[in-house]
>>> print(open('input_10.txt').read())   # compact mmCIF, C-alpha atoms
# COMPACT_ATOMS: atom_id res chain seq x y z
CA LEU A 1 45.96 -4.24 4.75
CA LEU A 2 45.50 -0.53 5.45
CA SER A 3 44.30 0.08 1.90
CA LEU A 4 41.67 -2.66 2.25
CA GLN A 5 40.60 -1.17 5.55
CA ALA A 6 40.29 2.31 4.04
CA GLU A 7 38.29 0.88 1.11
CA ALA A 8 35.89 -0.92 3.48
CA ILE A 9 35.41 2.22 5.57
CA GLU A 10 34.68 4.21 2.41
CA GLN A 11 32.04 1.72 1.32
CA PHE A 12 30.41 1.82 4.75
CA LYS A 13 30.37 5.62 4.69
CA LEU A 14 28.70 5.66 1.28
CA ARG A 15 26.15 3.11 2.41
CA ILE A 16 25.35 5.02 5.59
CA GLU A 17 25.05 8.24 3.58
CA GLN A 18 22.60 6.55 1.22
CA LEU A 19 20.51 5.25 4.13
CA GLU A 20 20.47 8.69 5.76
CA ILE A 21 19.19 10.21 2.51
CA MET A 22 16.43 7.59 2.37
CA VAL A 23 15.38 8.31 5.96
CA PHE A 24 16.04 12.03 6.41
CA GLY A 25 16.15 13.30 2.81
CA LYS A 26 18.97 14.98 0.95
CA LYS A 27 20.84 17.81 2.61
CA LYS A 28 20.72 21.11 0.76
CA ASP A 29 24.10 22.56 -0.15
CA LYS A 30 23.91 26.31 0.45
CA ASP A 31 26.58 27.04 -2.15
CA LYS A 32 24.45 25.28 -4.73
CA TYR A 33 21.75 27.92 -4.55
CA ASN A 34 23.51 31.17 -3.69
CA GLY A 35 24.59 31.89 -7.24
CA SER A 36 28.32 31.59 -6.58
CA GLY A 37 30.97 28.91 -6.43
CA LYS A 38 31.58 25.68 -8.28
CA ASN A 39 28.25 24.07 -7.39
CA SER A 40 26.37 27.01 -8.84
CA ARG A 41 28.30 26.67 -12.10
CA ASP A 42 27.48 22.94 -12.12
CA ARG A 43 23.79 23.75 -11.82
CA GLY A 44 24.01 26.08 -14.81
CA PHE A 45 25.90 23.42 -16.75
CA TRP A 46 23.20 20.80 -16.23
CA SER A 47 20.42 23.29 -16.94
CA LYS A 48 21.95 24.03 -20.33
CA LEU A 49 22.73 20.36 -20.92
CA PHE A 50 19.22 19.01 -20.37
CA GLY A 51 17.25 22.19 -20.92
CA SER A 52 15.80 22.04 -17.41
CA LYS A 53 14.41 25.57 -17.29
CA LYS A 54 11.45 26.61 -15.16
CA LYS A 55 8.36 26.92 -17.35
CA GLU A 56 6.54 30.22 -17.30
CA ARG A 57 2.85 29.96 -16.42
CA ALA A 58 0.19 32.09 -18.03
CA PRO A 59 -1.90 34.21 -15.61
CA ASP A 60 -5.06 32.32 -16.67
CA SER A 61 -3.58 29.04 -15.43
CA TYR A 62 -4.01 30.23 -11.84
CA ARG A 63 -7.75 30.80 -12.32
CA ARG A 64 -10.61 28.36 -12.58
CA SER A 65 -11.81 27.84 -16.14
CA ALA A 66 -15.29 29.11 -17.07
CA PRO A 67 -17.95 26.39 -17.47
CA SER A 68 -19.66 25.66 -20.77
CA GLU A 69 -23.35 26.52 -21.24
CA ASP A 70 -24.52 22.91 -20.82
CA GLU A 71 -22.75 22.71 -17.45
CA ILE A 72 -24.71 25.62 -15.94
CA THR A 73 -27.54 24.23 -13.78
CA LYS A 74 -29.22 27.47 -12.76
CA ALA A 75 -28.96 31.25 -13.07
CA LYS A 76 -29.53 33.88 -10.41
CA ASP A 77 -29.94 37.65 -10.91
CA TYR A 78 -28.58 40.25 -8.51
CA PRO A 79 -30.31 43.58 -9.40
CA ILE A 80 -29.36 46.96 -8.03
CA GLU A 81 -31.51 50.09 -8.50
CA THR A 82 -30.16 52.79 -6.18
CA CYS A 83 -26.81 53.92 -4.85
CA PRO A 84 -26.08 52.13 -1.55
CA CYS A 85 -24.54 55.37 -0.18
CA CYS A 86 -26.96 58.20 -1.11
CA GLN A 87 -29.96 56.25 -2.49
CA THR A 88 -29.77 58.06 -5.90
CA GLU A 89 -31.22 56.06 -8.81
CA LEU A 90 -28.49 54.42 -10.91
CA THR A 91 -28.14 54.68 -14.70
CA ASP A 92 -26.05 53.08 -17.48
CA PHE A 93 -26.65 49.53 -16.19
CA LYS A 94 -24.27 46.70 -17.14
CA ILE A 95 -24.20 42.99 -16.33
CA ALA A 96 -21.08 41.29 -14.98
CA VAL A 97 -21.21 37.50 -15.33
CA ARG A 98 -19.51 35.31 -12.76
CA TYR A 99 -19.90 31.62 -11.91
CA LEU A 100 -20.21 29.91 -8.53
CA GLU A 101 -19.25 26.23 -8.32
CA ASP A 102 -20.73 24.41 -5.34
CA ILE A 103 -22.21 21.08 -4.26
CA LYS A 104 -25.51 20.09 -2.63
CA ILE A 105 -24.01 18.92 0.61
CA LEU A 106 -26.75 20.33 2.85
CA GLU A 107 -29.60 18.50 1.12
CA LYS A 108 -30.73 14.95 1.83
CA ALA A 109 -31.60 14.68 -1.86
CA LEU A 110 -28.07 13.41 -2.41
CA LYS A 111 -29.38 10.00 -1.40
CA GLU A 112 -31.97 8.39 -3.67
CA ILE A 113 -34.20 5.60 -2.38
CA THR A 114 -36.33 3.68 -4.87
CA GLU A 115 -39.20 1.51 -3.68
CA GLN A 116 -39.26 -1.49 -6.01
CA ARG A 117 -42.68 -3.08 -6.48
CA ILE A 118 -41.74 -6.34 -8.17
CA GLN A 119 -44.66 -8.27 -9.56
CA THR A 120 -44.52 -12.05 -9.54
CA GLY A 121 -46.73 -14.62 -11.22
CA PHE A 122 -47.24 -18.36 -11.11
CA CYS A 123 -47.00 -20.45 -14.31
CA PRO A 124 -49.43 -23.39 -14.22
CA SER A 125 -47.47 -25.20 -16.95
CA CYS A 126 -43.97 -24.84 -15.46
CA LYS A 127 -45.28 -25.02 -11.89
CA LYS A 128 -42.94 -22.13 -10.99
CA ARG A 129 -43.32 -18.55 -9.82
CA PHE A 130 -41.53 -15.92 -11.88
CA SER A 131 -40.65 -12.27 -11.10
CA ALA A 132 -40.18 -9.27 -13.38
CA ILE A 133 -36.64 -8.80 -12.02
CA PRO A 134 -34.56 -10.92 -9.62
CA ILE A 135 -35.68 -10.45 -6.01
CA SER A 136 -32.82 -9.95 -3.58
CA LYS A 137 -32.70 -11.82 -0.29
CA GLN A 138 -32.27 -8.55 1.59
CA ASP A 139 -35.07 -6.00 1.83
CA VAL A 140 -32.60 -3.13 1.30
CA GLN A 141 -29.62 -3.31 -1.03
CA LEU A 142 -27.09 -0.81 -2.35
CA GLY A 143 -27.39 0.58 -5.86
CA GLU A 144 -24.76 0.48 -8.57
CA ASN A 145 -23.79 4.13 -8.11
CA VAL A 146 -22.88 3.50 -4.48
CA LYS A 147 -20.88 0.43 -5.47
CA MET A 148 -18.96 2.37 -8.12
CA LEU A 149 -18.21 5.11 -5.60
CA VAL A 150 -16.91 2.54 -3.09
CA SER A 151 -14.56 1.05 -5.68
CA TYR A 152 -13.44 4.53 -6.69
CA LEU A 153 -12.69 5.56 -3.10
CA ILE A 154 -10.72 2.39 -2.35
CA THR A 155 -8.65 2.43 -5.56
CA ILE A 156 -8.44 5.86 -7.16
CA SER A 157 -8.74 7.93 -3.96
CA ARG A 158 -6.61 5.41 -2.01
CA GLN A 159 -8.98 5.47 0.99
CA GLY A 160 -9.20 2.76 3.60
CA TYR A 161 -12.38 1.00 4.69
CA GLU A 162 -12.89 3.34 7.66
CA GLN A 163 -12.48 6.53 5.61
CA THR A 164 -14.87 5.15 2.96
CA LYS A 165 -17.53 4.36 5.58
CA ASN A 166 -17.18 7.81 7.14
CA LEU A 167 -17.52 9.62 3.82
CA LEU A 168 -20.64 7.67 2.79
CA GLU A 169 -22.26 8.30 6.16
CA ASP A 170 -21.33 11.99 6.46
CA VAL A 171 -22.12 13.04 2.90
CA PHE A 172 -24.81 10.61 1.71
CA ASP A 173 -26.28 9.33 5.02
CA ILE A 174 -25.54 5.75 3.95
CA ASN A 175 -24.29 3.23 6.51
CA ILE A 176 -22.07 0.48 5.14
CA SER A 177 -20.10 -2.30 6.80
CA ASP A 178 -16.64 -3.71 6.13
CA GLY A 179 -18.26 -6.89 4.84
CA GLU A 180 -20.36 -4.97 2.32
CA ILE A 181 -17.29 -3.08 1.06
CA SER A 182 -15.40 -6.35 0.66
CA SER A 183 -18.36 -7.91 -1.15
CA ILE A 184 -18.64 -4.94 -3.54
CA LEU A 185 -14.95 -5.10 -4.42
CA LYS A 186 -15.12 -8.85 -4.99
CA GLN A 187 -18.24 -8.51 -7.16
CA HIS A 188 -16.73 -5.80 -9.37
CA GLY A 189 -13.41 -7.65 -9.52
CA LEU A 190 -15.16 -10.68 -11.04
CA LYS A 191 -17.11 -8.54 -13.49
CA LEU A 192 -14.00 -6.70 -14.68
CA LEU A 193 -11.79 -9.79 -15.00
CA PRO A 194 -12.29 -10.06 -18.81
CA LYS A 195 -11.29 -6.39 -19.16
CA TYR A 196 -8.23 -7.12 -17.02
CA ASN A 197 -7.14 -9.84 -19.43
CA GLN A 198 -7.82 -7.51 -22.36
CA LEU A 199 -5.46 -4.93 -20.84
CA LYS A 200 -2.65 -7.48 -20.96
CA GLU A 201 -3.24 -8.08 -24.66
CA ASN A 202 -3.33 -4.33 -25.34
CA ILE A 203 0.01 -3.82 -23.60
CA ARG A 204 1.60 -6.74 -25.45
CA GLY A 205 0.63 -5.01 -28.69
CA SER A 206 2.55 -1.81 -27.83
CA PRO A 207 5.99 -1.08 -29.35
CA ALA A 208 7.53 -1.49 -25.89
CA ALA A 209 6.46 -2.78 -22.49
CA HIS A 210 7.58 -1.12 -19.25
CA CYS A 211 7.97 -3.48 -16.29
CA ASP A 212 8.75 -2.83 -12.64
CA GLU A 213 8.05 -4.24 -9.19
CA THR A 214 7.62 -3.05 -5.62
CA THR A 215 6.70 -4.45 -2.22
CA TYR A 216 3.02 -5.03 -1.42
CA ARG A 217 2.26 -6.92 1.75
CA VAL A 218 -0.30 -9.70 2.05
CA GLN A 219 -0.88 -10.14 5.78
CA LYS A 220 -2.01 -13.78 5.59
CA GLU A 221 0.66 -14.85 3.16
CA GLU A 222 0.31 -18.27 1.58
CA PRO A 223 3.35 -20.45 0.79
CA THR A 224 2.86 -20.07 -2.96
CA ASN A 225 2.59 -16.29 -2.88
CA GLY A 226 4.61 -13.35 -1.61
CA ASN A 227 4.72 -9.70 -0.67
CA TYR A 228 5.48 -8.08 -4.03
CA CYS A 229 3.58 -6.32 -6.77
CA TRP A 230 4.56 -6.68 -10.44
CA MET A 231 3.31 -4.31 -13.11
CA MET A 232 3.46 -3.85 -16.86
CA THR A 233 2.36 -0.90 -18.99
CA GLY A 234 2.57 -0.04 -22.68
CA SER A 235 4.90 2.63 -23.97
CA ASP A 236 2.20 4.35 -26.06
CA ILE A 237 -1.00 3.65 -24.07
CA ALA A 238 -2.26 4.27 -20.55
CA ASP A 239 -3.27 0.63 -20.02
CA THR A 240 -1.48 -0.81 -16.99
CA VAL A 241 -1.65 -4.22 -15.32
CA PHE A 242 -0.81 -4.94 -11.67
CA GLU A 243 -0.33 -8.34 -10.07
CA LEU A 244 -0.34 -8.19 -6.26
CA GLY A 245 0.74 -10.71 -3.66
CA LYS A 246 3.44 -12.31 -5.77
CA SER A 247 6.97 -13.47 -5.03
CA ARG A 248 10.00 -11.76 -6.55
CA GLY A 249 10.71 -14.70 -8.86
CA LYS A 250 11.26 -14.44 -12.59
CA GLY A 251 8.13 -16.47 -13.33
CA ASN A 252 5.92 -13.49 -12.49
CA ALA A 253 7.64 -11.39 -15.17
CA GLU A 254 7.25 -14.25 -17.64
CA ASN A 255 3.51 -14.46 -16.92
CA LEU A 256 3.13 -10.75 -17.66
CA ARG A 257 5.13 -11.07 -20.87
CA GLY A 258 3.06 -13.97 -22.19
CA SER A 259 4.23 -15.74 -25.34
CA ILE A 260 5.45 -12.53 -27.03
CA SER A 261 9.23 -12.25 -27.24
CA ASP A 262 9.88 -9.75 -30.09
CA GLN A 263 8.51 -6.78 -28.14
CA VAL A 264 11.01 -4.33 -26.62
CA LEU A 265 11.25 -4.41 -22.83
CA VAL A 266 12.10 -1.22 -20.93
CA SER A 267 13.20 -1.87 -17.35
CA ASP A 268 15.93 -1.51 -14.77
CA ASP A 269 18.77 -4.01 -14.45
CA TYR A 270 16.98 -6.39 -12.08
CA GLY A 271 18.02 -9.97 -12.83
CA ALA A 272 14.47 -11.22 -13.50
CA TYR A 273 14.29 -9.07 -16.65
CA ARG A 274 17.53 -10.30 -18.20
CA ASN A 275 16.95 -12.43 -21.29
CA LEU A 276 13.20 -12.12 -20.73
CA PHE A 277 12.66 -10.32 -24.04
CA LYS A 278 14.64 -10.55 -27.24
CA ASN A 279 15.15 -6.78 -27.22
CA HIS A 280 15.90 -5.01 -23.94
CA GLN A 281 16.25 -1.27 -23.27
CA LEU A 282 17.82 -0.47 -19.90
CA CYS A 283 16.66 2.62 -18.04
CA TRP A 284 18.92 5.66 -18.38
CA ALA A 285 17.31 7.36 -15.38
CA HIS A 286 18.60 4.62 -13.06
CA LEU A 287 22.04 4.78 -14.62
CA VAL A 288 22.40 8.57 -14.42
CA ARG A 289 20.98 8.60 -10.89
CA ASN A 290 23.58 6.12 -9.66
CA PHE A 291 26.46 8.19 -11.05
CA ARG A 292 24.87 11.40 -9.78
CA ASP A 293 24.60 10.08 -6.21
CA LEU A 294 28.35 9.46 -6.17
CA ALA A 295 29.06 12.83 -7.75
CA ASP A 296 26.98 14.51 -5.00
CA SER A 297 28.45 12.45 -2.16
CA GLN A 298 30.03 14.35 0.73
CA GLU A 299 31.85 11.32 2.12
CA LEU A 300 34.55 11.02 -0.57
CA GLU A 301 38.02 12.48 -0.60
CA PRO A 302 38.42 15.52 -2.91
CA LYS A 303 40.37 13.59 -5.54
CA LYS A 304 37.90 10.70 -5.66
CA HIS A 305 35.00 13.12 -5.61
CA GLU A 306 36.41 14.90 -8.65
CA GLN A 307 36.77 11.59 -10.50
CA CYS A 308 33.13 10.74 -9.80
CA GLN A 309 31.98 14.15 -11.02
CA LYS A 310 34.00 13.76 -14.19
CA ALA A 311 32.41 10.39 -14.93
CA TYR A 312 28.97 11.82 -14.21
CA ARG A 313 29.53 14.76 -16.57
CA ARG A 314 30.71 12.53 -19.39
CA LEU A 315 27.73 10.24 -18.96
CA GLY A 316 25.39 13.25 -18.93
CA LEU A 317 26.85 14.55 -22.19
CA LEU A 318 26.42 11.13 -23.75
CA TYR A 319 22.78 10.97 -22.65
CA ARG A 320 22.14 14.43 -24.07
CA ASP A 321 23.58 13.41 -27.45
CA LEU A 322 21.50 10.23 -27.40
CA LYS A 323 18.27 12.19 -26.90
CA GLN A 324 19.21 14.58 -29.69
CA GLU A 325 19.79 11.61 -32.00
CA LEU A 326 16.37 10.16 -31.12
CA GLU A 327 14.69 13.44 -32.10
CA LYS A 328 15.86 12.99 -35.71
CA PRO A 329 13.69 11.11 -38.27
CA PHE A 330 14.07 7.36 -37.96
CA ASP A 331 16.71 5.93 -40.32
CA ILE A 332 17.96 2.49 -39.33
CA GLU A 333 21.28 2.85 -41.16
CA LYS A 334 22.13 6.19 -39.55
CA ARG A 335 20.88 4.97 -36.19
CA THR A 336 23.10 1.87 -36.39
CA ILE A 337 26.15 4.01 -37.11
CA ALA A 338 25.23 6.33 -34.25
CA LYS A 339 24.82 3.35 -31.92
CA ASP A 340 28.33 2.09 -32.67
CA LYS A 341 29.72 5.54 -31.83
CA PHE A 342 27.77 5.71 -28.59
CA VAL A 343 28.91 2.23 -27.55
CA LYS A 344 32.53 3.30 -28.04
CA ARG A 345 31.92 6.28 -25.77
CA ILE A 346 30.39 3.98 -23.15
CA ILE A 347 33.47 1.77 -23.34
CA ASP A 348 35.68 4.80 -22.86
CA ILE A 349 33.65 6.01 -19.85
CA SER A 350 33.64 2.57 -18.24
CA LYS A 351 37.40 2.08 -18.45
CA ILE A 352 39.09 1.46 -15.10
CA LYS A 353 42.72 2.52 -15.09
CA ILE A 354 45.37 0.34 -13.51
CA ASN A 355 46.10 1.43 -9.92
CA SER A 356 43.07 3.71 -10.11
CA SER A 357 42.15 5.47 -6.88
CA GLU A 358 38.48 5.62 -7.79
CA PRO A 359 35.95 4.46 -5.16
CA GLN A 360 35.02 0.79 -5.38
CA LYS A 361 31.38 1.71 -5.93
CA ILE A 362 32.06 3.62 -9.13
CA LYS A 363 34.29 0.80 -10.33
CA THR A 364 31.35 -1.56 -9.88
CA LEU A 365 29.07 0.86 -11.73
CA LYS A 366 31.55 1.06 -14.61
CA GLN A 367 31.85 -2.72 -14.80
CA THR A 368 28.06 -3.08 -14.95
CA LEU A 369 27.88 -0.27 -17.52
CA PHE A 370 30.42 -2.01 -19.73
CA LYS A 371 28.60 -5.33 -19.42
CA ASN A 372 25.27 -3.81 -20.51
CA LYS A 373 26.64 -1.26 -22.99
CA ASN A 374 24.50 -2.44 -25.92
CA LYS A 375 21.26 -2.59 -23.94
CA TYR A 376 21.32 1.16 -23.32
CA PHE A 377 20.98 1.87 -27.06
CA THR A 378 18.21 -0.53 -28.12
CA CYS A 379 16.04 2.60 -28.43
CA LEU A 380 18.06 3.60 -31.49
CA LEU A 381 17.16 0.46 -33.44
CA PHE A 382 13.37 0.76 -33.04
CA GLU A 383 10.90 3.61 -33.41
CA ASN A 384 9.30 5.31 -30.42
CA ILE A 385 11.17 3.42 -27.71
CA PRO A 386 11.67 5.40 -24.46
CA THR A 387 15.12 5.73 -22.89
CA THR A 388 13.83 5.50 -19.33
CA ASN A 389 11.46 3.38 -17.28
CA ASN A 390 9.87 6.47 -15.73
CA LYS A 391 6.42 5.55 -17.05
CA ALA A 392 6.43 2.37 -14.97
CA GLU A 393 7.61 4.20 -11.86
CA ARG A 394 4.90 6.85 -12.26
CA SER A 395 2.29 4.09 -12.57
CA LEU A 396 3.61 2.36 -9.47
CA ARG A 397 3.57 5.56 -7.43
CA HIS A 398 -0.21 5.40 -6.99
CA LEU A 399 0.01 1.88 -5.60
CA VAL A 400 2.94 2.77 -3.32
CA LEU A 401 0.91 5.59 -1.76
CA LYS A 402 -2.04 3.24 -1.31
CA ARG A 403 0.23 0.66 0.31
CA LYS A 404 1.50 3.20 2.85
CA SER A 405 -2.02 4.09 3.95
CA SER A 406 -3.61 0.62 3.94
CA PHE A 407 -0.62 -1.69 4.59
CA GLY A 408 -1.53 -3.99 1.71
CA SER A 409 -4.21 -6.69 1.62
CA LYS A 410 -5.34 -9.11 4.32
CA THR A 411 -5.57 -12.23 2.15
CA GLN A 412 -4.34 -13.42 -1.23
CA ARG A 413 -7.92 -13.49 -2.49
CA GLY A 414 -8.19 -9.80 -1.62
CA ALA A 415 -4.88 -9.11 -3.36
CA ASP A 416 -6.14 -10.85 -6.52
CA THR A 417 -9.32 -8.74 -6.44
CA MET A 418 -7.32 -5.54 -5.98
CA SER A 419 -5.06 -6.56 -8.88
CA VAL A 420 -8.06 -6.46 -11.22
CA LEU A 421 -9.57 -3.27 -9.76
CA PHE A 422 -6.33 -1.30 -9.68
CA SER A 423 -5.49 -2.34 -13.24
CA VAL A 424 -8.88 -1.66 -14.83
CA LEU A 425 -9.93 1.41 -12.85
CA LEU A 426 -6.57 3.20 -12.89
CA SER A 427 -6.18 2.56 -16.63
CA LEU A 428 -9.67 3.95 -17.19
CA TRP A 429 -9.06 6.94 -14.91
CA TRP A 430 -5.80 7.84 -16.64
CA LYS A 431 -7.49 7.66 -20.04
CA LYS A 432 -10.85 9.30 -19.27
CA PRO A 433 -10.75 11.25 -16.01
CA ASP A 434 -13.52 13.68 -17.08
CA ASN A 435 -16.24 11.04 -17.53
CA PHE A 436 -14.80 8.24 -15.41
CA PHE A 437 -18.04 7.05 -13.78
CA LEU A 438 -19.92 6.98 -17.08
CA GLU A 439 -17.23 4.79 -18.65
CA TYR A 440 -17.04 2.68 -15.51
CA SER A 441 -20.77 2.05 -15.71
CA LYS A 442 -20.43 0.98 -19.35
CA LEU A 443 -17.76 -1.57 -18.41
CA LEU A 444 -20.00 -3.07 -15.72
CA ASN A 445 -22.95 -3.27 -18.12
CA GLN A 446 -20.78 -5.05 -20.70
CA ALA A 447 -19.78 -7.69 -18.16
>>> encode(input="input_10.txt", output="structure tokens")
Amino acid sequence: LLSLQAEAIEQFKLRIEQLEIMVFGKKKDKDKYNGSGKNSRDRGFWSKLFGSKKKERAPDSYRRSAPSEDEITKAKDYPIETCPCCQTELTDFKIAVRYLEDIKILEKALKEITEQRIQTGFCPSCKKRFSAIPISKQDVQLGENVKMLVSYLITISRQGYEQTKNLLEDVFDINISDGEISSILKQHGLKLLPKYNQLKENIRGSPAAHCDETTYRVQKEEPTNGNYCWMMTGSDIADTVFELGKSRGKGNAENLRGSISDQVLVSDDYGAYRNLFKNHQLCWAHLVRNFRDLADSQELEPKKHEQCQKAYRRLGLLYRDLKQELEKPFDIEKRTIAKDKFVKRIIDISKIKINSSEPQKIKTLKQTLFKNKNKYFTCLLFENIPTTNNKAERSLRHLVLKRKSSFGSKTQRGADTMSVLFSVLLSLWWKKPDNFFLEYSKLLNQA
């Protein structure tokens, strides 16, 4: 009874420690950074193991790069004839060239207003009046550049409606309402829907698909929807698809997958992804992180703490050897032999000795590791398959930051619109950040 009580207390301590880290952040261990002691040696061990050395930056990287000749909009001369101290005429003149980057924020010319004189004519045969271009119901309407900027601010810049209105008014002297912003987003969402569907097909054609999910609240939730976002991205392309306002059910992952089943899936061990694809690569980052958290825990007894560190070190060495194997030219026969060896090492690491005093949490981790031992080495059997799901987590980070500032979407219709805009615009921005608006305009014209 006492042993069960001690085990329960230990689990509660580990859980509380994990919650404190989530809320307050991880405590810094002074010994870890003072260059002495066991923790300092551990840091050196992992630096050598994974090659995590601070990269040296060139001095030029701290300076702004010089513009090309076609980027220069004007030139200004600054002559000097006499000495500013004694007024003596100067000789041996030289020219020093520098560049000044600035914006026209003080000029009203930032806003362009075009008076449209639209001619109409009556056809006696058709008995109808025709116009050169469609005539809007409103006398004043917003141009396409403003609409693209609104979509950019809401998605890429992660601004809310109020911040978007303030920026347009302060910088461009354009007043815009919440309803107009919502209408612009809806309009562009409909136009970009075909491109959204094309992104899915592009991702399904990649060697591997990364999948992940996170919370995304829909304030007026409908019974058939939920408060989650699902995403999928290709392993070798920037194209990414988001689906907002969904439940956490497996059907959402199946919809993203489509009819393809021979593609490799890279994900964490969430139940919805199990048996979803024929080939499944589990994320090593999640696995190593779980063992690392126990190895870094300050709530364990010294003996148990040492056991957790030992398991973590062995797993780290295995991961290092796996990455070294993946750097070699692809040879399926050699890779298959290497996989069998790695699986044996996983089995050895995941063994739980009889009457073991290890914490219950690491026993659970070892049991899960043993159960999924083959799925951690799918990357060996196919070319160019990542070992981690970090690409999906990096893609989700943008949406998570947006969620924290805007608290999600008001309605499911709005969530569906944002699914299209986030997918298309973020994919475009990641691929072509230098000429984003030009490419964005081309997409709208193609619609």
>>> closest_residue(input="input_10.txt", among="A:Asn389, A:Cys229, A:Lys200, A:Gly271", to="Leu256 in chain A", atoms="all atoms listed in the file")
A:Lys200
>>> residues_around(input="input_10.txt", residues="Leu369 in chain A", least_positions_apart="4", cutoff="10 Å", atoms="all atoms listed in the file", output="VMD selection string")
chain A and resid 287 346 to 347 349 to 351 363 to 365 373 to 376
>>> residues_around(input="input_10.txt", residues="Arg314 in chain A", least_positions_apart="3", cutoff="12 Å", atoms="all atoms listed in the file", output="list in words")
Trp46, Leu49, Val288, Phe291, Arg292, Ala295, Gln307, Cys308, Gln309, Lys310, Ala311, Leu317, Leu318, Tyr319, Arg320, Asp321, Phe342, Arg345, Ile346, Ile347, Asp348, Ile349 and Ser350 of chain A
>>> atom_distance(input="input_10.txt", atom1="CA of Ile156 in chain A", atom2="CA of Thr114 in chain A")
28.1 Å
>>> closest_atom_pairs(input="input_10.txt", of="range 222-324 of chain A", to="range 399-422 of chain A", cutoff="6 Å", atoms="all atoms listed in the file", output="Markdown table")
| residue | atom | partner | partner_atom | distance |
| --- | --- | --- | --- | --- |
| A:Phe242 | CA | A:Ser419 | CA | 5.3 |
| A:Glu243 | CA | A:Ser419 | CA | 5.2 |
| A:Leu244 | CA | A:Ala415 | CA | 5.5 |
| A:Gly245 | CA | A:Ala415 | CA | 5.9 |
>>> write_last_selection(input="input_10.txt", atoms="C-alpha atoms", output="PDB file, keeping the file's coordinate frame")
ATOM      1  CA  PHE A 242      -0.810  -4.940 -11.670  1.00  0.00           C
ATOM      2  CA  GLU A 243      -0.330  -8.340 -10.070  1.00  0.00           C
ATOM      3  CA  LEU A 244      -0.340  -8.190  -6.260  1.00  0.00           C
ATOM      4  CA  GLY A 245       0.740 -10.710  -3.660  1.00  0.00           C
TER       5      GLY A 245
END
>>> atom_distance(input="input_10.txt", atom1="CA of Glu299 in chain A", atom2="CA of Gly316 in chain A")
22.1 Å
>>> atom_distance(input="input_10.txt", atom1="CA of Gln141 in chain A", atom2="CA of Tyr440 in chain A")
20.1 Å
>>> residues_around(input="input_10.txt", residues="range 171-181 of chain A", least_positions_apart="3", cutoff="12 Å", atoms="all atoms listed in the file", output="JSON, numbers by chain")
{"A": [103, 104, 105, 106, 107, 108, 109, 110, 111, 112, 113, 140, 141, 142, 143, 145, 146, 147, 148, 149, 150, 151, 152, 153, 154, 159, 160, 161, 162, 163, 164, 165, 166, 167, 168, 184, 185, 186, 187, 188, 414]}
>>> closest_residue(input="input_10.txt", among="A:Thr388, A:Asp70, A:Glu358, A:Ser157", to="Lys323 in chain A", atoms="all atoms listed in the file")
A:Thr388
>>> residues_near_point(input="input_10.txt", point="(15.4, -6.0, -13.5)", cutoff="9 Å", atoms="all atoms listed in the file", output="JSON, numbers by chain")
{"A": [211, 212, 213, 267, 268, 269, 270, 271, 272, 273, 274, 282]}
>>> residues_around(input="input_10.txt", residues="Ala96 in chain A", least_positions_apart="4", cutoff="12 Å", atoms="all atoms listed in the file", output="VMD selection string")
chain A and resid 77 to 79
>>> residues_near_point(input="input_10.txt", point="(-26.6, 29.5, -16.7)", cutoff="12 Å", atoms="all atoms listed in the file", output="PyMOL selection string")
chain A and resi 66-77+97-101
>>> closest_residue(input="input_10.txt", among="A:Ala238, A:Ala6, A:Leu199, A:Ile95", to="Trp429 in chain A", atoms="all atoms listed in the file")
A:Ala238
>>> residues_around(input="input_10.txt", residues="Ser259 in chain A", least_positions_apart="4", cutoff="10 Å", atoms="all atoms listed in the file", output="mmCIF file with C-alpha atoms, in the coordinates of the input")
data_model
loop_
_atom_site.group_PDB
_atom_site.id
_atom_site.type_symbol
_atom_site.label_atom_id
_atom_site.label_comp_id
_atom_site.auth_asym_id
_atom_site.auth_seq_id
_atom_site.Cartn_x
_atom_site.Cartn_y
_atom_site.Cartn_z
ATOM 1 C CA ARG A 204 1.600 -6.740 -25.450
ATOM 2 C CA GLU A 254 7.250 -14.250 -17.640
ATOM 3 C CA ASN A 255 3.510 -14.460 -16.920
#
>>> closest_residue(input="input_10.txt", among="A:Gln446, A:Asn279, A:Ser247, A:Ser395", to="Met231 in chain A", atoms="only C-alpha atoms")
A:Ser395
>>> decode(input="input_10.txt", residues="range 314-319 of chain A", atoms="N, CA and C atoms", output="JSON list (two decimals), in the first residue's frame")
[["chain", "number", "residue", "atom", "x", "y", "z"],
["A", 314, "ARG", "N", 20.98, 6.84, -24.01],
["A", 314, "ARG", "CA", 20.99, 5.73, -24.97],
["A", 314, "ARG", "C", 20.09, 6.05, -26.16],
["A", 315, "LEU", "N", 18.96, 6.67, -25.89],
["A", 315, "LEU", "CA", 18.07, 7.04, -26.98],
["A", 315, "LEU", "C", 18.71, 8.11, -27.86],
["A", 316, "GLY", "N", 19.42, 9.06, -27.24],
["A", 316, "GLY", "CA", 20.10, 10.10, -28.00],
["A", 316, "GLY", "C", 21.19, 9.53, -28.90],
["A", 317, "LEU", "N", 21.93, 8.57, -28.40],
["A", 317, "LEU", "CA", 22.97, 7.92, -29.22],
["A", 317, "LEU", "C", 22.35, 7.18, -30.40],
["A", 318, "LEU", "N", 21.22, 6.53, -30.14],
["A", 318, "LEU", "CA", 20.53, 5.83, -31.22],
["A", 318, "LEU", "C", 20.05, 6.81, -32.28],
["A", 319, "TYR", "N", 19.50, 7.93, -31.87],
["A", 319, "TYR", "CA", 19.02, 8.93, -32.82],
["A", 319, "TYR", "C", 20.17, 9.51, -33.64]]
